[in-house]
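Since the structure comes first, as structure tokens, the remarks are kept for the end.
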Amino acid sequence: MDPFADTLQRLRETFSSGRTRPAEFRATQLKGLGRFLQENKQLLQEALAQDLHKSTFESQVSEISISQSEINLALRNLRAWMKDEKVSKNLATQLDSAFIRKEPFGLVLIIAPWNYPVNLTLMPLVGALAAGNCVVLKPSEISKSTEKVLAEVLPRYLDQSCFAVVLGGPEETGQLLEHKFDHIFFTGSPRVGKIVMTAAAKHLTPVTLELGGKNPCYVDDNCDPQTVANRVAWFRYFNTGQTCVAPDYILCSPETQARLLPALQSAITRFYGDDPRASPDLGRIINHKHFQRLRGLLSCGRVAIGGQSDDSDRYIAPTVLVDVQETEPVMQEEIFGPILPILNVRGLDEAIDFINRREKPLALYAFSNNSQVVKRVLAQTSSGGFCGNDGFMHMTLSSLPFGGVGRCLL
């Protein structure tokens, strides 16, 4: 028996009725989503602490506030987004009406990840509801406590004739993907992204895949090492490194590495104290499977900072690796943990060549006191987002689109 057939049929009937199209209905759903965040803030913070050991500050800044901002943005702009867009006419069509009308897709599937289980679940949901779609939401089964809140509490705030939460692991998700949707939004690994895209292709369903990747960080010899270290360490170890747009590795000269290492140690101590394990601001790895994968990467190169781990607590200290080779496992996959490799290059030309030999990154960082160096990295590489002399991605700006190039975001 198909466990999803009745739910999907109900949602399709709602969409066909036109119920989700009026601006008033869309605004009501968005306001309900806002009430969910405000009335269940403590419940969400407790769930995030149980899943990822997130501090109240991290939960507020990276999960709740950013989701509320997206809701507010949609409510402010909803009617403007819905308006027909007039286009220019030629001589033969002067008496005609020509315009672009934005229409909802229909039934949308959102498959959310575990690393920011509120933010990366609600952000696409805001867009889907604002556009007048019916939505099937599949939260990650890995972040179990947050999944429970989303499944049991969130539906109370939305019209259940046009919204449903479905639960399960890979097997259930595979069954769900056998159905035809009008759009699929997936955030996760390239491996699972291929499965989603293959399933969607059978129905010619359009997809949005946010897949992450390895994000380079070039540090020029002409820089202030402590400023660089503060900015890189803050974002690298935020959410215990489990962030798709965080700096994944550093490229710099051996001389800059020698100046950067004590600065990184100073930054880590400043943020997490002498014993990071006791810090309330350092999270934990999501589960034992990912912990074991990350602990295996600690054998790459040589540990220059950190390296401590504890299986019973899923704890890995903020770590910096040096003497790392491009062929080692830590350079073959997105790290997604509190490990930062440093690879040596002889200069800017070699760094740009290194970056361009690999898959185009979702994010790219460059640090230099020479603005021409930063501009050259931007001009001669390709990435989804670029930050010059800052360690926090452009994703915090609603005025900039969030996207990737090639396999990072499709």
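By order in the structure tokens, chains are A, B, ...; within a chain, residues start at 1; ligands start at 1, following the order shown.
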
Quiz item: Near Pro280 in chain A, counting only C-alpha atoms, which residues have an atom at most 7 Å away, once you skip same-chain residues fewer than 2 positions from it, shown as a count of residues only?
Solution: 3

Exercise. Write out as a list in words the residues lying within 8 Å of Thr121 in chain A, counting only C-alpha atoms and excluding same-chain residues fewer than 2 positions away.
Key: Ile110, Ile111, Ala112, Pro113, Tyr116, Pro117, Val118, Asn119, Met123, Pro124, Leu125, Leu137 and Pro139 of chain A

Pull all heavy atoms from the residues just selected and write them as an mmCIF file, in the first residue's frame.
```cif
data_model
loop_
_atom_site.group_PDB
_atom_site.id
_atom_site.type_symbol
_atom_site.label_atom_id
_atom_site.label_comp_id
_atom_site.auth_asym_id
_atom_site.auth_seq_id
_atom_site.Cartn_x
_atom_site.Cartn_y
_atom_site.Cartn_z
ATOM 1 N N ILE A 110 9.856 19.501 -0.629
ATOM 2 C CA ILE A 110 11.062 20.053 -0.017
ATOM 3 C C ILE A 110 11.697 18.967 0.838
ATOM 4 O O ILE A 110 11.075 18.467 1.784
ATOM 5 C CB ILE A 110 10.745 21.287 0.850
ATOM 6 C CG1 ILE A 110 10.160 22.411 -0.018
ATOM 7 C CG2 ILE A 110 11.993 21.767 1.587
ATOM 8 C CD1 ILE A 110 9.635 23.591 0.794
ATOM 9 N N ILE A 111 12.925 18.589 0.494
ATOM 10 C CA ILE A 111 13.685 17.604 1.272
ATOM 11 C C ILE A 111 14.803 18.361 1.977
ATOM 12 O O ILE A 111 15.707 18.886 1.338
ATOM 13 C CB ILE A 111 14.256 16.487 0.382
ATOM 14 C CG1 ILE A 111 13.136 15.816 -0.426
ATOM 15 C CG2 ILE A 111 14.998 15.448 1.231
ATOM 16 C CD1 ILE A 111 13.636 14.775 -1.416
ATOM 17 N N ALA A 112 14.715 18.426 3.302
ATOM 18 C CA ALA A 112 15.588 19.311 4.085
ATOM 19 C C ALA A 112 16.754 18.544 4.703
ATOM 20 O O ALA A 112 16.677 17.338 4.937
ATOM 21 C CB ALA A 112 14.776 20.006 5.174
ATOM 22 N N PRO A 113 17.843 19.252 5.020
ATOM 23 C CA PRO A 113 19.032 18.628 5.612
ATOM 24 C C PRO A 113 19.011 18.719 7.133
ATOM 25 O O PRO A 113 18.112 19.325 7.732
ATOM 26 C CB PRO A 113 20.168 19.474 5.041
ATOM 27 C CG PRO A 113 19.584 20.856 5.004
ATOM 28 C CD PRO A 113 18.113 20.677 4.684
ATOM 29 N N TYR A 116 21.327 22.582 9.426
ATOM 30 C CA TYR A 116 20.544 23.739 9.891
ATOM 31 C C TYR A 116 19.084 23.343 9.737
ATOM 32 O O TYR A 116 18.401 23.779 8.806
ATOM 33 C CB TYR A 116 20.880 24.997 9.082
ATOM 34 C CG TYR A 116 22.254 25.552 9.369
ATOM 35 C CD1 TYR A 116 23.361 25.127 8.648
ATOM 36 C CD2 TYR A 116 22.458 26.482 10.387
ATOM 37 C CE1 TYR A 116 24.632 25.624 8.917
ATOM 38 C CE2 TYR A 116 23.719 26.989 10.666
ATOM 39 C CZ TYR A 116 24.800 26.545 9.925
ATOM 40 O OH TYR A 116 26.056 27.048 10.202
ATOM 41 N N PRO A 117 18.599 22.488 10.619
ATOM 42 C CA PRO A 117 17.318 21.815 10.368
ATOM 43 C C PRO A 117 16.082 22.702 10.479
ATOM 44 O O PRO A 117 15.000 22.287 10.064
ATOM 45 C CB PRO A 117 17.298 20.707 11.428
ATOM 46 C CG PRO A 117 18.185 21.207 12.527
ATOM 47 C CD PRO A 117 19.253 22.016 11.850
ATOM 48 N N VAL A 118 16.219 23.907 11.024
ATOM 49 C CA VAL A 118 15.112 24.861 11.009
ATOM 50 C C VAL A 118 15.266 25.792 9.812
ATOM 51 O O VAL A 118 14.382 25.883 8.954
ATOM 52 C CB VAL A 118 15.056 25.674 12.327
ATOM 53 C CG1 VAL A 118 13.967 26.746 12.242
ATOM 54 C CG2 VAL A 118 14.794 24.756 13.509
ATOM 55 N N ASN A 119 16.396 26.469 9.745
ATOM 56 C CA ASN A 119 16.685 27.427 8.674
ATOM 57 C C ASN A 119 16.490 26.814 7.289
ATOM 58 O O ASN A 119 15.733 27.334 6.459
ATOM 59 C CB ASN A 119 18.124 27.920 8.878
ATOM 60 C CG ASN A 119 18.672 28.751 7.744
ATOM 61 O OD1 ASN A 119 18.068 28.905 6.697
ATOM 62 N ND2 ASN A 119 19.859 29.286 7.947
ATOM 63 N N MET A 123 13.302 28.128 5.073
ATOM 64 C CA MET A 123 13.610 29.100 4.012
ATOM 65 C C MET A 123 12.969 28.695 2.676
ATOM 66 O O MET A 123 12.282 29.509 2.050
ATOM 67 C CB MET A 123 15.119 29.281 3.880
ATOM 68 C CG MET A 123 15.772 29.891 5.094
ATOM 69 S SD MET A 123 15.616 31.681 5.184
ATOM 70 C CE MET A 123 17.085 32.182 4.314
ATOM 71 N N PRO A 124 13.165 27.481 2.192
ATOM 72 C CA PRO A 124 12.471 27.120 0.951
ATOM 73 C C PRO A 124 10.953 27.033 1.123
ATOM 74 O O PRO A 124 10.208 27.275 0.170
ATOM 75 C CB PRO A 124 13.077 25.755 0.580
ATOM 76 C CG PRO A 124 13.691 25.231 1.828
ATOM 77 C CD PRO A 124 14.109 26.423 2.623
ATOM 78 N N LEU A 125 10.515 26.709 2.345
ATOM 79 C CA LEU A 125 9.067 26.658 2.604
ATOM 80 C C LEU A 125 8.453 28.049 2.458
ATOM 81 O O LEU A 125 7.343 28.188 1.918
ATOM 82 C CB LEU A 125 8.810 26.094 3.997
ATOM 83 C CG LEU A 125 7.340 26.023 4.446
ATOM 84 C CD1 LEU A 125 6.516 25.165 3.481
ATOM 85 C CD2 LEU A 125 7.242 25.464 5.868
ATOM 86 N N LEU A 137 6.599 18.550 2.944
ATOM 87 C CA LEU A 137 7.862 18.839 3.626
ATOM 88 C C LEU A 137 8.427 17.557 4.216
ATOM 89 O O LEU A 137 7.759 16.871 4.990
ATOM 90 C CB LEU A 137 7.632 19.864 4.734
ATOM 91 C CG LEU A 137 8.867 20.348 5.500
ATOM 92 C CD1 LEU A 137 9.789 21.126 4.585
ATOM 93 C CD2 LEU A 137 8.439 21.222 6.671
ATOM 94 N N PRO A 139 11.402 16.701 6.520
ATOM 95 C CA PRO A 139 12.555 17.093 7.346
ATOM 96 C C PRO A 139 13.531 15.935 7.482
ATOM 97 O O PRO A 139 13.179 14.772 7.263
ATOM 98 C CB PRO A 139 11.918 17.448 8.692
ATOM 99 C CG PRO A 139 10.621 16.705 8.727
ATOM 100 C CD PRO A 139 10.174 16.534 7.312
#
```

Can you write out as a Markdown table which residues of range 329-404 of chain A fall within 6 Å of range 242-257 of chain A, alongside each residue's closest atom pair and its distance in Å to one decimal, counting only C-alpha atoms and ordering rows by chain and ascending residue number?
```
| residue | atom | partner | partner_atom | distance |
| --- | --- | --- | --- | --- |
| A:Phe336 | CA | A:Gln242 | CA | 4.5 |
| A:Gly337 | CA | A:Gln242 | CA | 5.2 |
| A:Leu340 | CA | A:Tyr249 | CA | 5.5 |
| A:Pro341 | CA | A:Tyr249 | CA | 5.0 |
| A:Ile342 | CA | A:Ile250 | CA | 4.7 |
| A:Leu343 | CA | A:Leu251 | CA | 5.1 |
| A:Asn344 | CA | A:Ser253 | CA | 5.1 |
| A:Val345 | CA | A:Ser253 | CA | 5.1 |
| A:Arg346 | CA | A:Ser253 | CA | 5.5 |
| A:Ala363 | CA | A:Val245 | CA | 5.5 |
```

Practice problem: Write down as JSON, numbers by chain the residues belonging to range 11-59 of chain A that are assigned helix (DSSP H, G or I) by DSSP computed on the backbone. | Solution: {"A": [11, 12, 13, 14, 15, 16, 17, 23, 24, 25, 26, 27, 28, 29, 30, 31, 32, 33, 34, 35, 36, 37, 38, 39, 41, 42, 43, 44, 45, 46, 47, 48, 49, 50, 51, 52, 56, 57, 58, 59]}

Can you spit out the residues from that selection as a compact mmCIF listing (two decimals), in the first residue's frame, using N, CA, C and O atoms?
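Output contents, as saved in selection.txt:
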```txt
# COMPACT_ATOMS: atom_id res chain seq x y z
N LEU A 11 -3.58 17.19 -1.48
CA LEU A 11 -2.88 18.43 -1.77
C LEU A 11 -3.10 18.87 -3.22
O LEU A 11 -3.29 20.06 -3.50
N ARG A 12 -3.12 17.91 -4.14
CA ARG A 12 -3.35 18.26 -5.55
C ARG A 12 -4.76 18.80 -5.75
O ARG A 12 -4.99 19.75 -6.52
N GLU A 13 -5.72 18.23 -5.05
CA GLU A 13 -7.10 18.72 -5.15
C GLU A 13 -7.22 20.14 -4.63
O GLU A 13 -7.94 20.98 -5.19
N THR A 14 -6.49 20.42 -3.54
CA THR A 14 -6.50 21.78 -3.00
C THR A 14 -5.92 22.76 -4.00
O THR A 14 -6.48 23.84 -4.24
N PHE A 15 -4.79 22.40 -4.61
CA PHE A 15 -4.18 23.31 -5.57
C PHE A 15 -5.10 23.53 -6.77
O PHE A 15 -5.26 24.67 -7.24
N SER A 16 -5.71 22.47 -7.25
CA SER A 16 -6.61 22.58 -8.41
C SER A 16 -7.81 23.47 -8.12
O SER A 16 -8.35 24.11 -9.03
N SER A 17 -8.20 23.54 -6.85
CA SER A 17 -9.35 24.37 -6.47
C SER A 17 -9.03 25.87 -6.52
O SER A 17 -9.93 26.71 -6.46
N ALA A 23 -3.54 36.37 -2.69
CA ALA A 23 -2.49 36.95 -1.84
C ALA A 23 -2.85 36.83 -0.37
O ALA A 23 -1.97 36.60 0.48
N GLU A 24 -4.12 36.98 -0.04
CA GLU A 24 -4.54 36.92 1.36
C GLU A 24 -4.25 35.55 1.96
O GLU A 24 -3.81 35.44 3.10
N PHE A 25 -4.51 34.50 1.18
CA PHE A 25 -4.25 33.14 1.68
C PHE A 25 -2.75 32.93 1.88
O PHE A 25 -2.32 32.38 2.90
N ARG A 26 -1.95 33.36 0.93
CA ARG A 26 -0.50 33.20 1.04
C ARG A 26 0.03 33.94 2.27
O ARG A 26 0.87 33.42 3.01
N ALA A 27 -0.45 35.17 2.47
CA ALA A 27 0.00 35.96 3.61
C ALA A 27 -0.39 35.30 4.93
O ALA A 27 0.38 35.31 5.90
N THR A 28 -1.56 34.70 4.96
CA THR A 28 -2.01 34.01 6.19
C THR A 28 -1.07 32.85 6.53
O THR A 28 -0.72 32.63 7.69
N GLN A 29 -0.64 32.11 5.52
CA GLN A 29 0.28 31.00 5.76
C GLN A 29 1.63 31.50 6.26
O GLN A 29 2.23 30.93 7.18
N LEU A 30 2.12 32.58 5.66
CA LEU A 30 3.40 33.13 6.08
C LEU A 30 3.34 33.67 7.51
O LEU A 30 4.28 33.48 8.30
N LYS A 31 2.23 34.31 7.85
CA LYS A 31 2.07 34.80 9.22
C LYS A 31 1.99 33.63 10.21
O LYS A 31 2.51 33.72 11.32
N GLY A 32 1.34 32.55 9.79
CA GLY A 32 1.30 31.36 10.64
C GLY A 32 2.68 30.80 10.87
O GLY A 32 3.02 30.36 11.99
N LEU A 33 3.50 30.82 9.84
CA LEU A 33 4.88 30.35 9.96
C LEU A 33 5.66 31.23 10.94
O LEU A 33 6.45 30.73 11.75
N GLY A 34 5.41 32.54 10.89
CA GLY A 34 6.06 33.45 11.83
C GLY A 34 5.63 33.19 13.26
O GLY A 34 6.46 33.22 14.19
N ARG A 35 4.34 32.91 13.47
CA ARG A 35 3.85 32.59 14.82
C ARG A 35 4.47 31.30 15.34
O ARG A 35 4.78 31.18 16.53
N PHE A 36 4.64 30.34 14.45
CA PHE A 36 5.29 29.08 14.83
C PHE A 36 6.67 29.35 15.41
O PHE A 36 7.05 28.80 16.45
N LEU A 37 7.44 30.21 14.76
CA LEU A 37 8.80 30.53 15.24
C LEU A 37 8.75 31.26 16.58
O LEU A 37 9.51 30.93 17.50
N GLN A 38 7.89 32.23 16.69
CA GLN A 38 7.87 33.05 17.90
C GLN A 38 7.31 32.29 19.10
O GLN A 38 7.82 32.41 20.22
N GLU A 39 6.26 31.52 18.89
CA GLU A 39 5.61 30.83 20.01
C GLU A 39 6.34 29.55 20.42
O GLU A 39 6.06 29.01 21.51
N LYS A 41 9.90 29.24 20.15
CA LYS A 41 11.34 29.52 20.11
C LYS A 41 12.11 28.64 21.09
O LYS A 41 13.11 28.02 20.73
N GLN A 42 11.64 28.55 22.31
CA GLN A 42 12.36 27.74 23.31
C GLN A 42 12.34 26.27 22.94
O GLN A 42 13.36 25.57 23.08
N LEU A 43 11.22 25.79 22.45
CA LEU A 43 11.11 24.39 22.04
C LEU A 43 12.10 24.09 20.91
O LEU A 43 12.78 23.04 20.92
N LEU A 44 12.22 24.99 19.96
CA LEU A 44 13.15 24.81 18.85
C LEU A 44 14.60 24.86 19.34
O LEU A 44 15.44 24.07 18.91
N GLN A 45 14.89 25.80 20.23
CA GLN A 45 16.25 25.90 20.77
C GLN A 45 16.64 24.64 21.53
O GLN A 45 17.78 24.17 21.43
N GLU A 46 15.71 24.09 22.28
CA GLU A 46 15.99 22.85 23.02
C GLU A 46 16.22 21.69 22.05
O GLU A 46 17.12 20.86 22.26
N ALA A 47 15.45 21.63 20.97
CA ALA A 47 15.62 20.56 19.98
C ALA A 47 16.97 20.68 19.28
O ALA A 47 17.68 19.68 19.08
N LEU A 48 17.36 21.90 18.94
CA LEU A 48 18.65 22.13 18.27
C LEU A 48 19.81 21.80 19.20
O LEU A 48 20.85 21.29 18.77
N ALA A 49 19.63 22.07 20.49
CA ALA A 49 20.67 21.72 21.47
C ALA A 49 20.81 20.20 21.59
O ALA A 49 21.92 19.67 21.70
N GLN A 50 19.69 19.50 21.54
CA GLN A 50 19.73 18.03 21.64
C GLN A 50 20.36 17.42 20.39
O GLN A 50 21.13 16.46 20.48
N ASP A 51 20.06 17.97 19.22
CA ASP A 51 20.56 17.40 17.97
C ASP A 51 22.02 17.73 17.72
O ASP A 51 22.81 16.86 17.33
N LEU A 52 22.38 19.01 17.91
CA LEU A 52 23.70 19.50 17.49
C LEU A 52 24.47 20.22 18.59
O LEU A 52 25.53 20.77 18.33
N THR A 56 22.27 28.78 22.48
CA THR A 56 21.11 29.64 22.26
C THR A 56 21.42 30.71 21.24
O THR A 56 20.60 31.04 20.37
N PHE A 57 22.65 31.26 21.33
CA PHE A 57 23.06 32.30 20.37
C PHE A 57 23.07 31.76 18.95
O PHE A 57 22.52 32.38 18.03
N GLU A 58 23.71 30.61 18.74
CA GLU A 58 23.77 30.04 17.39
C GLU A 58 22.38 29.74 16.86
O GLU A 58 22.07 30.00 15.70
N SER A 59 21.54 29.17 17.70
CA SER A 59 20.18 28.83 17.27
C SER A 59 19.40 30.08 16.87
O SER A 59 18.70 30.09 15.86
```

Practice problem: Find the residues around Gln160 in chain A up to 10 Å (only C-alpha atoms counted), leave out those fewer than 2 positions away in its own chain, and share them as a ChimeraX atom specification. | Solution: /A:10-11,14,134-135,155-158,162-165

Residue contacts of Pro262 in chain A (10 Å, only C-alpha atoms) excluding same-chain residues fewer than 3 positions away, as an mmCIF file with N, CA, C and O atoms, in the first residue's frame:
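The resulting part05.cif:
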```cif
data_model
loop_
_atom_site.group_PDB
_atom_site.id
_atom_site.type_symbol
_atom_site.label_atom_id
_atom_site.label_comp_id
_atom_site.auth_asym_id
_atom_site.auth_seq_id
_atom_site.Cartn_x
_atom_site.Cartn_y
_atom_site.Cartn_z
ATOM 1 N N PRO A 225 47.566 38.611 9.773
ATOM 2 C CA PRO A 225 47.210 37.224 10.072
ATOM 3 C C PRO A 225 46.152 37.086 11.164
ATOM 4 O O PRO A 225 45.323 36.169 11.098
ATOM 5 N N GLN A 226 46.151 37.958 12.154
ATOM 6 C CA GLN A 226 45.168 37.816 13.227
ATOM 7 C C GLN A 226 43.754 38.152 12.762
ATOM 8 O O GLN A 226 42.790 37.481 13.133
ATOM 9 N N ALA A 229 42.695 35.180 10.737
ATOM 10 C CA ALA A 229 42.426 34.033 11.611
ATOM 11 C C ALA A 229 41.096 34.194 12.337
ATOM 12 O O ALA A 229 40.313 33.236 12.446
ATOM 13 N N GLN A 257 51.711 30.669 6.349
ATOM 14 C CA GLN A 257 51.263 29.616 7.268
ATOM 15 C C GLN A 257 51.923 29.768 8.637
ATOM 16 O O GLN A 257 51.253 29.628 9.672
ATOM 17 N N ALA A 258 53.206 30.068 8.650
ATOM 18 C CA ALA A 258 53.929 30.222 9.916
ATOM 19 C C ALA A 258 53.361 31.373 10.739
ATOM 20 O O ALA A 258 53.334 31.315 11.987
ATOM 21 N N ARG A 259 52.887 32.429 10.080
ATOM 22 C CA ARG A 259 52.285 33.565 10.788
ATOM 23 C C ARG A 259 50.833 33.283 11.161
ATOM 24 O O ARG A 259 50.323 33.793 12.161
ATOM 25 N N GLN A 265 45.422 29.735 16.549
ATOM 26 C CA GLN A 265 45.360 29.236 17.916
ATOM 27 C C GLN A 265 44.786 30.301 18.847
ATOM 28 O O GLN A 265 43.946 30.012 19.721
ATOM 29 N N SER A 266 45.222 31.545 18.667
ATOM 30 C CA SER A 266 44.718 32.649 19.481
ATOM 31 C C SER A 266 43.218 32.862 19.272
ATOM 32 O O SER A 266 42.469 33.076 20.228
ATOM 33 N N ALA A 267 42.769 32.771 18.010
ATOM 34 C CA ALA A 267 41.348 32.957 17.706
ATOM 35 C C ALA A 267 40.500 31.848 18.317
ATOM 36 O O ALA A 267 39.434 32.103 18.891
ATOM 37 N N ILE A 268 40.969 30.610 18.210
ATOM 38 C CA ILE A 268 40.221 29.473 18.773
ATOM 39 C C ILE A 268 40.107 29.614 20.284
ATOM 40 O O ILE A 268 39.036 29.388 20.868
ATOM 41 N N ALA A 304 48.330 20.457 13.646
ATOM 42 C CA ALA A 304 49.075 21.592 14.185
ATOM 43 C C ALA A 304 48.345 22.236 15.354
ATOM 44 O O ALA A 304 48.966 22.796 16.260
ATOM 45 N N ILE A 305 47.017 22.171 15.337
ATOM 46 C CA ILE A 305 46.177 22.715 16.413
ATOM 47 C C ILE A 305 45.038 21.732 16.642
ATOM 48 O O ILE A 305 44.453 21.211 15.695
#
```

Exercise. Between A:Gln372, A:Thr187, A:Ser383, A:Thr173, single out the one closest to Phe4 in chain A, counting only C-alpha atoms.
Key: A:Thr173

Practice problem: Please provide the set of residues having any atom within 12 Å of range 190-199 of chain A, restricted to only C-alpha atoms, with same-chain residues fewer than 6 positions apart removed, written as an NGL selection string. | Solution: :A and (109-113 or 170-171 or 173-181 or 183-184 or 205-214 or 244 or 333-334 or 359 or 406-410)

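Distance annotation: of A:Val136, A:Leu91, A:Val166, A:Ile352, the residue with the minimal separation from Leu378 in chain A is A:Ile352; atom set is only C-alpha atoms.
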
Self-check item: Selected residue of minimal separation from Gly283 in chain A among A:Pro318, A:Pro216, A:Gly169, A:Gly132, counting only C-alpha atoms
Solution: A:Pro318

Practice problem: Identify which of the residues A:Leu297, A:Cys223, A:Leu362, A:Val322 lies closest to Pro338 in chain A, counting only C-alpha atoms when measuring atom-to-atom distances. | Solution: A:Leu297

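Between CA of Gln380 in chain A and CA of Ala366 in chain A lies a distance of 12.2 Å.
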